[in-house]
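Beneath this line is the structure, given in structure tokens, with notes to follow.
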Number of protein chains: 2
Amino acid sequence: MSTDVPAAMPKYYLLKTELLAAIAGEQPGTLIPTERALAEKYKTSRTTVRQAISELVAEGKLGRIQGHGTFVAPPKITHVRQLTSFSDDARNQGLRPDSQLLSLAMAKADIDVAAHLGLDDGAVVTRLERIRLIDGEPLAHEIAYLPGKLPRFKANLEKAGSLYAALTDVYGIHISDVEDTVETALAGPEEVRLLGIEMGAPLLVVHRLARDAAGVPVEWTRSTFRGDRFRFVSRVKSTT
Amino acid sequence: MSTDVPAAMPKYYLLKTELLAAIAGEQPGTLIPTERALAEKYKTSRTTVRQAISELVAEGKLGRIQGHGTFVAPPKITHVRQLTSFSDDARNQGLRPDSQLLSLAMAKADIDVAAHLGLDDGAVVTRLERIRLIDGEPLAHEIAYLPGKLPRFKANLEKAGSLYAALTDVYGIHISDVEDTVETALAGPEEVRLLGIEMGAPLLVVHRLARDAAGVPVEWTRSTFRGDRFRFVSRVKSTT
DNA sequence: CAACGTTATTGGTCTATGCCAATCTTGTGC
DNA sequence: GCACAAGATTGGCATAGACCAATAACGTTG
């Protein structure tokens with residue numbers, strides 16, 4: 001045979017490619033045909049259509065709402081993650097960041113938190129849990145642990161406008177060194193509930209350990225970002 | 001009713017949770033029961049079992065091989081990504097890195113490459129495509145573009161042991177500033193072929209732009225890492 | 001005309017089943 | 001004993017269909 005047989009390609013992947021081409025250049029929000037209509041049009045089953053659409057949703061190319069339909073998704077947001085905070089960062093890009101306070105309380109450090117903050121197991125820490133929003137849309141879930149008890153923290157946090165601003169301006173805590181760890185994860189029920197995404201959606205999980213000039217840990221945070229809406233940038237300058 | 005109805009939970013998610021508990025503490029490589037056996041055991045369909053397993057595979061908890069079975073996967077590798085190269089990073093952690101050269105050739109910069117390297121469209125660039133392996137396992141796919149033509153590059157690359165070492169030691173190109181962009185993506189046929197993963201597996205895609213001390217771009221690279229086996233670390237030190 | 005309840009539409013989950021493809025096991029023949 | 005072929009096992013892909021849940025559209029009613 002002289003004809004080069006193309007690599008065997010799952011049908012759902014062909015469909016995914018066709019859909020991708022079809023939505024190229026469409027305005028975000030534009031509805032695409034229903035799953036049942038696509039199944040008929042492409043002479044396949046709804047299961048196969050859903051598999052194609054599901055991957056496009058996971059990649060942030062499409063979004064879908066039960067009872068409403070499937071639509072072209074808006075582009076990703078680029079988040080420059082440096083020494084800056086989420087809020088400052090978003091504002092620098094002309095976006096409207098917001099926070100929704102889920103809980104703010106004293107807690108006893110579990111083994112994991114204690115280890116990262118260099119505390120004894122069971123030591124008192126401040127636990128701050130928030131949802132981060134941009135332009136009203138929930139995009140990240142964040143739990144921050146700070147060593148010890150910070151007096152009048154809630155009020156100061158609100159006044160300062162951001163966690164880092166409050167730490168610096170009110171408590172004299174200067175962050176001079178951060179270490180971020182980034183990995184992928186899939187959304188479970190909690191993320192589905194808090195971020196309004198679907199089960200199994202890809203996430204970017206960032207763990208941040210911040211230290212002051214003396215190398216003492218001052219913050220340990222776990223942030224969960226929507227993988228379909230975010231992109232991280234980290235800049236590193238050589239000191240040599 | 002007094003009983004608090006638990007949040008509606010998909011059956012496949014319950015199964016996923018049970019499987020996760022079942023494999024906790026098992027040795028990597030241990031085979032779990034077959035999909036058909038699990039379907040029968042948990043009184044559900046194979047489709048549902050596959051959905052549960054698929055997510056665990058995507059999270060790097062399980063692996064599977066057609067005709068062989070489904071098994072407990074090895075833990076993630078932490079890849080510390082700073083100004084260092086892939087090879088140096090891995091070696092620093094006591095791992096055995098390797099590269100497989102797919103292609104090394106001169107090419108004309110397309111619009112995207114040209115824009116990032118600050119060149120004219122169609123300018124000559126060196127294109128280096130490699131598979132990165134650790135302990136013999138392919139973990140990343142990388143395409144690097146360098147401005148212009150580098151004499152005897154292939155030989156020097158092999159001798160130096162790493163791209164950055166070659167640039168520095170042989171060509172006198174010193175990287176002083178890098179900007180990494182990290183986002184999620186899903187594996188398509190090419191990644192499946194090159195990395196031996198499955199369709200739709202989560203990936204971490206990193207774009208790196210490296211500059212020399214004068215701010216001139218010297219490298220533009222797109223790296224695709226297996227999301228189930230990697231974790232990135234970035235450290236930032238304040239200069240103030 | 002506004003408010004409300006009903007109905008149709010659309011995505012979400014799950015079942016049952018068939019066949020294909022890669023791998024492993026077994027058996028046969030030399 | 002070894003090599004190879006045949007069969008069994010296991011995951012991969014796809015179909016068809018049922019029912020649920022959220023949303024939107026519509027029509028009735030006050």
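By convention here, the chains of the structure tokens are called A, B, ... in the order presented, each chain's residues are numbered starting at 1, and ligands are numbered starting at 1 in the order presented.
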Q. Quick one: residues within 12 Å of C:DG29, only C-alpha atoms (C1' of nucleotides) counted, chain neighbours fewer than 4 positions away excluded, as a list of chain:residue names?
A. D:DC2, D:DA3, D:DC4, D:DA5
Q: With a distance cut-off of 12 Å and only C-alpha atoms (C1' of nucleotides), select the neighbouring residues of C:DA3, excluding the residue or stretch itself and same-chain residues fewer than 6 positions from it, and output the selection as an MDAnalysis selection string.
A: chainID D and resid 28:30
**Q.** Exercise answer, chain D residues close to chain A, 12 Å and only C-alpha atoms (C1' of nucleotides), as a PyMOL selection string
**A.** chain D and resi 12-17+20-25
Generate the output file for the selected residues, C-alpha atoms (C1' of nucleotides), as a PDB file, in the first residue's frame.
```
ATOM      1  C1'  DG D  12     -10.392   1.659  24.988  1.00  0.00           C
ATOM      2  C1'  DC D  13     -14.116   3.367  22.220  1.00  0.00           C
ATOM      3  C1'  DA D  14     -18.699   3.884  20.936  1.00  0.00           C
ATOM      4  C1'  DT D  15     -23.850   3.161  20.877  1.00  0.00           C
ATOM      5  C1'  DA D  16     -28.689   3.686  22.538  1.00  0.00           C
ATOM      6  C1'  DG D  17     -31.546   4.858  25.871  1.00  0.00           C
ATOM      7  C1'  DC D  20     -32.947  13.513  36.774  1.00  0.00           C
ATOM      8  C1'  DA D  21     -32.116  18.612  37.557  1.00  0.00           C
ATOM      9  C1'  DA D  22     -31.679  23.233  36.255  1.00  0.00           C
ATOM     10  C1'  DT D  23     -33.194  26.708  33.253  1.00  0.00           C
ATOM     11  C1'  DA D  24     -36.030  29.117  30.027  1.00  0.00           C
ATOM     12  C1'  DA D  25     -40.355  29.914  27.698  1.00  0.00           C
TER      13       DA D  25
END
```
Q: Kindly provide, as a PyMOL selection string, the residues of chain B having any atom no farther than 9 Å from an atom of chain A, counting only C-alpha atoms.
A: chain B and resi 9+13+55+58-59+78+80+82-83+175-186+188-189+199-200+202-204+213+227-228+230-240
Q.
Give me, as a ChimeraX atom specification, all polymer residues having an atom no more than 9 Å from B:Tyr171, counting only C-alpha atoms (C1' of nucleotides) and skipping those fewer than 4 positions away in the same chain.
A. /B:150,166-167
(Q) Residues of chain C were defined as contacting chain A if any atom lay at most 7 Å from it, counting only C-alpha atoms (C1' of nucleotides); please report them as a PyMOL selection string. (A) chain C and resi 9-11
(Q) Among stretch 8-175 of chain B, which residues does DSSP mark as strand (DSSP E or B) when it is run on the backbone? Keep the chain and numbering as in the structure and answer as a PyMOL selection string. (A) chain B and resi 31+62-65+69-72+79-80+97-108+124-134+137-147+175
Q. Would you give me, as an NGL selection string, the residues in stretch 50-213 of chain B that DSSP reads as helix (DSSP H, G or I)?
A. :B and (50-58 or 86-92 or 111-117 or 153-160 or 163-169 or 189-195)
Store the residues of this selection in a file with C-alpha atoms, as a CSV table (one decimal), in the first residue's frame.
```
chain,number,residue,atom,x,y,z
B,50,ARG,CA,-14.2,3.9,34.3
B,51,GLN,CA,-15.2,7.4,35.1
B,52,ALA,CA,-13.9,7.0,38.7
B,53,ILE,CA,-10.7,5.4,37.6
B,54,SER,CA,-10.1,7.9,34.8
B,55,GLU,CA,-10.1,10.8,37.3
B,56,LEU,CA,-7.7,8.9,39.6
B,57,VAL,CA,-5.4,8.3,36.6
B,58,ALA,CA,-5.7,12.0,35.7
B,86,PHE,CA,15.8,20.6,33.6
B,87,SER,CA,18.9,18.5,33.8
B,88,ASP,CA,20.5,20.4,36.6
B,89,ASP,CA,17.3,20.4,38.6
B,90,ALA,CA,16.8,16.7,38.3
B,91,ARG,CA,20.4,16.0,39.2
B,92,ASN,CA,20.2,18.2,42.2
B,111,ILE,CA,4.9,35.0,13.7
B,112,ASP,CA,4.6,33.7,17.2
B,113,VAL,CA,8.3,32.8,17.7
B,114,ALA,CA,9.4,36.0,16.0
B,115,ALA,CA,7.2,38.1,18.3
B,116,HIS,CA,8.6,36.6,21.4
B,117,LEU,CA,12.2,36.6,20.4
B,153,PHE,CA,25.6,23.3,18.1
B,154,LYS,CA,24.8,19.7,18.2
B,155,ALA,CA,28.3,18.6,19.3
B,156,ASN,CA,28.6,21.4,21.8
B,157,LEU,CA,25.2,20.6,23.3
B,158,GLU,CA,26.1,17.0,23.8
B,159,LYS,CA,29.5,17.9,25.3
B,160,ALA,CA,28.1,20.5,27.7
B,163,LEU,CA,21.4,23.6,26.9
B,164,TYR,CA,22.2,26.3,29.4
B,165,ALA,CA,25.6,25.0,30.0
B,166,ALA,CA,26.3,25.0,26.3
B,167,LEU,CA,25.0,28.6,25.9
B,168,THR,CA,27.1,29.9,28.7
B,169,ASP,CA,30.3,27.9,28.3
B,189,PRO,CA,-2.6,12.6,20.2
B,190,GLU,CA,0.9,14.1,19.9
B,191,GLU,CA,1.4,14.1,23.7
B,192,VAL,CA,-0.1,10.7,23.9
B,193,ARG,CA,2.5,9.4,21.4
B,194,LEU,CA,5.5,11.2,22.8
B,195,LEU,CA,4.9,10.9,26.5
```
Q: Would you please work out which residue, of A:Leu104, A:Ala214, A:Leu19, A:Ala109, is nearest to A:Glu142 when using only C-alpha atoms?
A: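 Nearest candidate to A:Glu142 out of A:Leu104, A:Ala214, A:Leu19, A:Ala109: A:Leu104.
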Q) Could you state the separation of atom CA of B:Leu101 and atom CA of B:Ile134 in Å, given to one decimal place? A)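 Straight-line distance from atom CA of B:Leu101 to atom CA of B:Ile134 works out to 14.4 Å.
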(Q) Using only C-alpha atoms (C1' of nucleotides), which protein or nucleic acid residues come within 8 Å of B:Tyr145? Drop anything in the same chain fewer than 3 positions from it, and give the result as a count of residues only. (A) 8
Q. What separation in Å, quoted to one decimal, exists between atom CA of B:Ile77 and atom CA of B:Leu133?
A.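 These atoms are spaced 12.0 Å apart.
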Q: Quick one: pull the distance between atom CA of A:Arg132 and atom CA of A:Asp98, Å, one decimal.
A: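 Separating atom CA of A:Arg132 from atom CA of A:Asp98 is a distance of 6.0 Å.
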